[in-house]
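The block underneath contains the structure these notes are about, expressed in structure tokens.
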Amino acid sequence: MSLLPRAHGDAVLQARYRVEPEDFQVEEIDGFEPTGQGEHLLLTVEKRGMNTSFAAKRIARWAGIQDMGVGYAGMKDRHAVTRQRFSVHFPKRVAPDLAGLVSDDLRVLASTWHNRKLPRGALKGNRFVLRLRDVVGDRAAVEARLEAIAVQGIPNYFGNQRFGREGDNVEAARRMFAGQRVHRDQRSIYLSAARSQMFNAALAARVMRGDWASGGEGEVWMLDGTQSVFGPEPATDEIRARAARQDIHPTGPMWGLGELRPQADVRSAEDAALAPFADLRAGLEAAGMKQERRALRVRVADLRWQWPEPDQLLLEFTLPPGAYATGLLEALGDVAEPGRGPRAVDGSVAPDTCADEPAE
């Protein structure tokens, strides 16, 4: 993400984050109410320094079941304090003592029964509390940037985690498209990386054009808070007003079989941005992926901030599912994890820039 254009201007701060797990806190916003009956025990847990996959395996061992019997709505990062729900399948509705699951890094906040496994994506969003340390920057400029983010949102870039620990998933996708055989799970990861690379390129082009939030002629739009898409639409005053209210968002391509929906200026911009990816386009089509749309913009809801110390900035906000908290940090400036160098103020890139983590 450090190589992608910023939508709100140059960096207004430098800082560190994730110095302690408590500096990055995430809480899922549940997508439904439990039924109170059924064969699946819903556990709301808080975990520290533990990613979702590891927690799911620990829960499966506690329950004495296969890993596939544990469900969760979204992935949460290891280097954080996170609160999320898991479902555990007990056909006879007999569960071990919850005390056997509790440890220094995992505690159970609530439990109840439900009638089905918790599916991926079954959440309304995520609440974040982030503490930035060693902040360098003009406080007035930082707060002005935060106010702009609250009004306009942030670009909906895919974070670095989509592209692998070493950033090589797209090249792995190219090798797979060229005939290299891969495991089924890897295939899904590589297809996702290829689509994400192309989406980021299309979004970067729109950021450079300046219409990533306002939209253009022939735009395809997504209703805020939904996956409902409509258009293409002419750039009318009514459409512009709805975009300014963040009621609707411009969209970009998730590549696959089928025609691009945008028309006019927007279609030309997407065609130009995606022209360098002919090999990825062909590979995704051959794999049977279908054309879809993703919002170019993320609404940052309930954004609040305070300065608990002169060099510390505490941020609280809510994002929809699939959005990345690090996208907000990139919109502010150069924020790095300990041991990783941020970009310099002039925009140059240090050899080891901060890695993104899933915020879904």
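Note on naming: chains are A, B, ... as they come in the structure tokens, residues start from 1 per chain, ligands start from 1 in the order shown.
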Enumerate, in order of chain and increasing residue number, the residues of stretch 108-201 of chain A with an atom no farther than 8 Å from stretch 16-19 of chain A, each with its shortest atom pair and distance in Å to one decimal, counting only C-alpha atoms, as JSON lines.
```
{"residue": "A:Leu130", "atom": "CA", "partner": "A:Tyr17", "partner_atom": "CA", "distance": 7.7}
{"residue": "A:Arg131", "atom": "CA", "partner": "A:Tyr17", "partner_atom": "CA", "distance": 6.4}
{"residue": "A:Leu132", "atom": "CA", "partner": "A:Tyr17", "partner_atom": "CA", "distance": 4.9}
{"residue": "A:Arg133", "atom": "CA", "partner": "A:Arg16", "partner_atom": "CA", "distance": 5.2}
{"residue": "A:Asp134", "atom": "CA", "partner": "A:Arg16", "partner_atom": "CA", "distance": 6.1}
{"residue": "A:Val135", "atom": "CA", "partner": "A:Arg16", "partner_atom": "CA", "distance": 7.2}
```
Grab the residues selected above and save them as a compact mmCIF listing (two decimals), in the first residue's frame with C-alpha atoms.
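Result file part23.txt:
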```
# COMPACT_ATOMS: atom_id res chain seq x y z
CA LEU A 130 -5.72 2.28 17.41
CA ARG A 131 -2.96 3.98 19.37
CA LEU A 132 -0.21 5.66 17.37
CA ARG A 133 3.04 6.34 19.24
CA ASP A 134 6.01 8.60 18.60
CA VAL A 135 3.84 10.83 16.43
```
Please identify every residue of stretch 106-198 of chain A that has at least one atom no farther than 7 Å from an atom of stretch 324-333 of chain A, counting only C-alpha atoms, and for each give the shortest atom pair and the distance in Å to one decimal, arranged by chain then increasing number, as JSON lines.
```
{"residue": "A:Arg145", "atom": "CA", "partner": "A:Leu332", "partner_atom": "CA", "distance": 6.7}
{"residue": "A:Ile154", "atom": "CA", "partner": "A:Leu328", "partner_atom": "CA", "distance": 6.5}
{"residue": "A:Tyr157", "atom": "CA", "partner": "A:Gly327", "partner_atom": "CA", "distance": 7.0}
{"residue": "A:Gly159", "atom": "CA", "partner": "A:Tyr324", "partner_atom": "CA", "distance": 6.5}
```
For the strand (DSSP E or B) assignment from backbone DSSP, which residues of stretch 73-215 of chain A qualify? Please present them as an mmCIF file with N, CA and C atoms, in the first residue's frame.
```
data_model
loop_
_atom_site.group_PDB
_atom_site.id
_atom_site.type_symbol
_atom_site.label_atom_id
_atom_site.label_comp_id
_atom_site.auth_asym_id
_atom_site.auth_seq_id
_atom_site.Cartn_x
_atom_site.Cartn_y
_atom_site.Cartn_z
ATOM 1 N N VAL A 81 -5.375 -6.995 20.019
ATOM 2 C CA VAL A 81 -6.374 -7.529 20.942
ATOM 3 C C VAL A 81 -7.697 -7.499 20.184
ATOM 4 N N THR A 82 -8.291 -8.671 19.981
ATOM 5 C CA THR A 82 -9.460 -8.767 19.120
ATOM 6 C C THR A 82 -10.598 -9.482 19.827
ATOM 7 N N ARG A 83 -11.815 -9.077 19.487
ATOM 8 C CA ARG A 83 -13.027 -9.703 20.022
ATOM 9 C C ARG A 83 -13.899 -10.136 18.853
ATOM 10 N N GLN A 84 -14.187 -11.432 18.803
ATOM 11 C CA GLN A 84 -14.982 -11.968 17.710
ATOM 12 C C GLN A 84 -15.697 -13.236 18.139
ATOM 13 N N ARG A 85 -16.665 -13.659 17.294
ATOM 14 C CA ARG A 85 -17.447 -14.852 17.592
ATOM 15 C C ARG A 85 -16.927 -16.057 16.816
ATOM 16 N N PHE A 86 -17.058 -17.224 17.451
ATOM 17 C CA PHE A 86 -16.809 -18.514 16.826
ATOM 18 C C PHE A 86 -18.034 -19.387 17.072
ATOM 19 N N SER A 87 -18.330 -20.277 16.132
ATOM 20 C CA SER A 87 -19.347 -21.301 16.363
ATOM 21 C C SER A 87 -18.657 -22.660 16.465
ATOM 22 N N VAL A 88 -19.157 -23.504 17.380
ATOM 23 C CA VAL A 88 -18.574 -24.823 17.621
ATOM 24 C C VAL A 88 -19.697 -25.850 17.548
ATOM 25 N N HIS A 89 -19.523 -26.862 16.687
ATOM 26 C CA HIS A 89 -20.595 -27.828 16.448
ATOM 27 C C HIS A 89 -20.581 -28.937 17.500
ATOM 28 N N SER A 103 -7.332 -18.948 28.904
ATOM 29 C CA SER A 103 -5.889 -18.856 29.138
ATOM 30 C C SER A 103 -5.520 -17.391 29.239
ATOM 31 N N LEU A 106 -6.526 -15.815 25.869
ATOM 32 C CA LEU A 106 -7.872 -16.026 25.330
ATOM 33 C C LEU A 106 -8.856 -16.142 26.481
ATOM 34 N N ARG A 107 -9.934 -15.367 26.415
ATOM 35 C CA ARG A 107 -10.990 -15.495 27.410
ATOM 36 C C ARG A 107 -12.344 -15.452 26.723
ATOM 37 N N VAL A 108 -13.326 -16.110 27.315
ATOM 38 C CA VAL A 108 -14.673 -16.200 26.767
ATOM 39 C C VAL A 108 -15.521 -15.100 27.382
ATOM 40 N N LEU A 109 -16.106 -14.257 26.533
ATOM 41 C CA LEU A 109 -16.934 -13.150 26.998
ATOM 42 C C LEU A 109 -18.406 -13.519 27.063
ATOM 43 N N ALA A 110 -18.848 -14.429 26.191
ATOM 44 C CA ALA A 110 -20.255 -14.832 26.171
ATOM 45 C C ALA A 110 -20.385 -16.143 25.420
ATOM 46 N N SER A 111 -21.447 -16.888 25.712
ATOM 47 C CA SER A 111 -21.728 -18.137 24.988
ATOM 48 C C SER A 111 -23.238 -18.349 24.921
ATOM 49 N N THR A 112 -23.694 -18.864 23.797
ATOM 50 C CA THR A 112 -25.107 -19.189 23.620
ATOM 51 C C THR A 112 -25.234 -20.135 22.441
ATOM 52 N N TRP A 113 -26.384 -20.759 22.313
ATOM 53 C CA TRP A 113 -26.600 -21.736 21.248
ATOM 54 C C TRP A 113 -27.210 -21.078 20.019
ATOM 55 N N HIS A 114 -26.897 -21.683 18.874
ATOM 56 C CA HIS A 114 -27.418 -21.186 17.601
ATOM 57 C C HIS A 114 -27.708 -22.386 16.707
ATOM 58 N N LEU A 123 -21.038 -10.576 9.491
ATOM 59 C CA LEU A 123 -20.819 -9.478 10.432
ATOM 60 C C LEU A 123 -21.145 -8.168 9.732
ATOM 61 N N LYS A 124 -21.503 -7.157 10.519
ATOM 62 C CA LYS A 124 -21.857 -5.861 9.957
ATOM 63 C C LYS A 124 -20.638 -4.975 9.752
ATOM 64 N N GLY A 125 -19.571 -5.254 10.466
ATOM 65 C CA GLY A 125 -18.377 -4.443 10.365
ATOM 66 C C GLY A 125 -17.470 -4.683 11.539
ATOM 67 N N ASN A 126 -16.514 -3.798 11.726
ATOM 68 C CA ASN A 126 -15.548 -3.906 12.814
ATOM 69 C C ASN A 126 -15.316 -2.546 13.447
ATOM 70 N N ARG A 127 -15.251 -2.530 14.773
ATOM 71 C CA ARG A 127 -14.873 -1.324 15.508
ATOM 72 C C ARG A 127 -13.387 -1.398 15.844
ATOM 73 N N PHE A 128 -12.675 -0.298 15.651
ATOM 74 C CA PHE A 128 -11.236 -0.250 15.879
ATOM 75 C C PHE A 128 -10.898 0.807 16.920
ATOM 76 N N VAL A 129 -9.903 0.496 17.723
ATOM 77 C CA VAL A 129 -9.265 1.484 18.594
ATOM 78 C C VAL A 129 -7.764 1.320 18.361
ATOM 79 N N LEU A 130 -7.136 2.335 17.767
ATOM 80 C CA LEU A 130 -5.724 2.275 17.413
ATOM 81 C C LEU A 130 -4.963 3.366 18.151
ATOM 82 N N ARG A 131 -3.831 3.013 18.713
ATOM 83 C CA ARG A 131 -2.962 3.983 19.370
ATOM 84 C C ARG A 131 -1.684 4.130 18.542
ATOM 85 N N LEU A 132 -1.443 5.351 18.074
ATOM 86 C CA LEU A 132 -0.207 5.661 17.372
ATOM 87 C C LEU A 132 0.764 6.296 18.355
ATOM 88 N N ARG A 133 2.002 5.849 18.324
ATOM 89 C CA ARG A 133 3.036 6.337 19.243
ATOM 90 C C ARG A 133 4.136 7.065 18.460
ATOM 91 N N ASP A 134 4.891 7.865 19.188
ATOM 92 C CA ASP A 134 6.012 8.604 18.597
ATOM 93 C C ASP A 134 5.552 9.412 17.385
ATOM 94 N N VAL A 135 4.421 10.072 17.533
ATOM 95 C CA VAL A 135 3.837 10.834 16.430
ATOM 96 C C VAL A 135 4.649 12.103 16.188
ATOM 97 N N VAL A 136 5.000 12.304 14.935
ATOM 98 C CA VAL A 136 5.674 13.522 14.503
ATOM 99 C C VAL A 136 4.816 14.153 13.415
ATOM 100 N N ILE A 154 -12.097 6.945 2.598
ATOM 101 C CA ILE A 154 -10.734 6.601 2.172
ATOM 102 C C ILE A 154 -10.807 5.624 1.002
ATOM 103 N N PRO A 155 -9.759 5.568 0.174
ATOM 104 C CA PRO A 155 -9.733 4.588 -0.914
ATOM 105 C C PRO A 155 -9.798 3.154 -0.367
#
```
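Compared by their closest atoms to A:Met208, and using only C-alpha atoms, the residues A:Ser228, A:Ala269, A:Gln66, A:Ile29 rank with A:Ala269 nearest.
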Excluding A:Arg61 and its own-chain neighbours fewer than 5 positions away, which residues fall within 12 Å of it when counting only C-alpha atoms? Please give them as an MDAnalysis selection string. chainID A and resid 54:56 66:70 88 96 100:101
Those same residues - C-alpha atoms - I'd like them written as an mmCIF file, in the first residue's frame.
```cif
data_model
loop_
_atom_site.group_PDB
_atom_site.id
_atom_site.type_symbol
_atom_site.label_atom_id
_atom_site.label_comp_id
_atom_site.auth_asym_id
_atom_site.auth_seq_id
_atom_site.Cartn_x
_atom_site.Cartn_y
_atom_site.Cartn_z
ATOM 1 C CA PHE A 54 -4.845 -20.372 15.527
ATOM 2 C CA ALA A 55 -7.753 -19.582 17.857
ATOM 3 C CA ALA A 56 -10.090 -21.769 15.801
ATOM 4 C CA GLN A 66 -12.313 -31.514 13.661
ATOM 5 C CA ASP A 67 -11.215 -28.013 12.655
ATOM 6 C CA MET A 68 -14.023 -27.828 10.089
ATOM 7 C CA GLY A 69 -16.553 -27.926 12.939
ATOM 8 C CA VAL A 70 -15.508 -24.410 14.036
ATOM 9 C CA VAL A 88 -18.574 -24.823 17.621
ATOM 10 C CA PRO A 96 -16.815 -29.185 27.811
ATOM 11 C CA GLY A 100 -10.732 -25.450 29.924
ATOM 12 C CA LEU A 101 -10.574 -22.967 27.058
#
```
Among the residues of stretch 16-118 of chain A, find those DSSP assigns to alpha helix (DSSP H) from the backbone and print them as a list of chain:residue names. A:Thr52, A:Ser53, A:Phe54, A:Ala55, A:Ala56, A:Lys57, A:Arg58, A:Ile59, A:Ala60, A:Arg61, A:Trp62, A:Ala63
Selection above as a file: N, CA and C atoms, as a PDB file, in the first residue's frame:
```
ATOM      1  N   THR A  52      -6.933 -15.535  14.002  1.00  0.00           N
ATOM      2  CA  THR A  52      -8.197 -16.270  14.016  1.00  0.00           C
ATOM      3  C   THR A  52      -8.002 -17.752  13.754  1.00  0.00           C
ATOM      4  N   SER A  53      -7.149 -18.107  12.810  1.00  0.00           N
ATOM      5  CA  SER A  53      -6.951 -19.519  12.479  1.00  0.00           C
ATOM      6  C   SER A  53      -6.396 -20.298  13.662  1.00  0.00           C
ATOM      7  N   PHE A  54      -5.428 -19.704  14.359  1.00  0.00           N
ATOM      8  CA  PHE A  54      -4.845 -20.372  15.527  1.00  0.00           C
ATOM      9  C   PHE A  54      -5.896 -20.539  16.617  1.00  0.00           C
ATOM     10  N   ALA A  55      -6.702 -19.490  16.841  1.00  0.00           N
ATOM     11  CA  ALA A  55      -7.753 -19.582  17.857  1.00  0.00           C
ATOM     12  C   ALA A  55      -8.766 -20.662  17.502  1.00  0.00           C
ATOM     13  N   ALA A  56      -9.120 -20.763  16.224  1.00  0.00           N
ATOM     14  CA  ALA A  56     -10.090 -21.769  15.801  1.00  0.00           C
ATOM     15  C   ALA A  56      -9.558 -23.186  16.058  1.00  0.00           C
ATOM     16  N   LYS A  57      -8.277 -23.400  15.801  1.00  0.00           N
ATOM     17  CA  LYS A  57      -7.690 -24.710  16.064  1.00  0.00           C
ATOM     18  C   LYS A  57      -7.678 -25.007  17.560  1.00  0.00           C
ATOM     19  N   ARG A  58      -7.380 -24.011  18.369  1.00  0.00           N
ATOM     20  CA  ARG A  58      -7.388 -24.224  19.817  1.00  0.00           C
ATOM     21  C   ARG A  58      -8.796 -24.565  20.291  1.00  0.00           C
ATOM     22  N   ILE A  59      -9.794 -23.880  19.772  1.00  0.00           N
ATOM     23  CA  ILE A  59     -11.176 -24.157  20.153  1.00  0.00           C
ATOM     24  C   ILE A  59     -11.582 -25.557  19.720  1.00  0.00           C
ATOM     25  N   ALA A  60     -11.155 -25.974  18.537  1.00  0.00           N
ATOM     26  CA  ALA A  60     -11.473 -27.325  18.061  1.00  0.00           C
ATOM     27  C   ALA A  60     -10.867 -28.380  18.979  1.00  0.00           C
ATOM     28  N   ARG A  61      -9.625 -28.156  19.418  1.00  0.00           N
ATOM     29  CA  ARG A  61      -8.997 -29.115  20.338  1.00  0.00           C
ATOM     30  C   ARG A  61      -9.749 -29.159  21.664  1.00  0.00           C
ATOM     31  N   TRP A  62     -10.151 -27.996  22.180  1.00  0.00           N
ATOM     32  CA  TRP A  62     -10.923 -27.952  23.419  1.00  0.00           C
ATOM     33  C   TRP A  62     -12.243 -28.708  23.262  1.00  0.00           C
ATOM     34  N   ALA A  63     -12.876 -28.560  22.100  1.00  0.00           N
ATOM     35  CA  ALA A  63     -14.169 -29.202  21.864  1.00  0.00           C
ATOM     36  C   ALA A  63     -14.043 -30.677  21.516  1.00  0.00           C
TER      37      ALA A  63
END
```
Residue with the minimum atom-to-atom distance to A:Ala282, picked from A:Ala73, A:His183, A:Arg174, A:Gln227 with only C-alpha atoms counted, is A:Arg174
Just how far from atom CA of A:Arg78 is atom CA of A:Pro310, in Å to one decimal? 28.1 Å
At a cut-off of 9 Å, using only C-alpha atoms, what residues contact A:Pro5? Leave out same-chain residues fewer than 5 positions from it and give the result as number ranges by chain. A: 204-205, 207-208
Residues of the last selection are to be written out with C-alpha atoms, as a PDB file, in the first residue's frame.
```
ATOM      1  CA  ALA A 204      -4.995   4.091  -8.085  1.00  0.00           C
ATOM      2  CA  ALA A 205      -5.805   5.469 -11.537  1.00  0.00           C
ATOM      3  CA  VAL A 207      -7.252   8.493  -7.266  1.00  0.00           C
ATOM      4  CA  MET A 208      -4.833  10.120  -9.689  1.00  0.00           C
TER       5      MET A 208
END
```
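Put simply, atom CA of A:Glu219 is 19.9 Å away from atom CA of A:Ser196.
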Selection: 9 Å around A:Ala244, only C-alpha atoms, excl. self and same-chain fewer than 6 positions, as a VMD selection string: chain A and resid 151 to 152 213 to 214
Using C-alpha atoms, can you export the residues from the last selection as a CSV table (one decimal), in the first residue's frame?
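Okay, this is what ended up in result30.csv:
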```
chain,number,residue,atom,x,y,z
A,151,VAL,CA,-16.4,13.6,5.2
A,152,GLN,CA,-14.9,11.9,2.1
A,213,ALA,CA,-15.1,9.4,-4.4
A,214,SER,CA,-17.2,11.7,-6.6
```
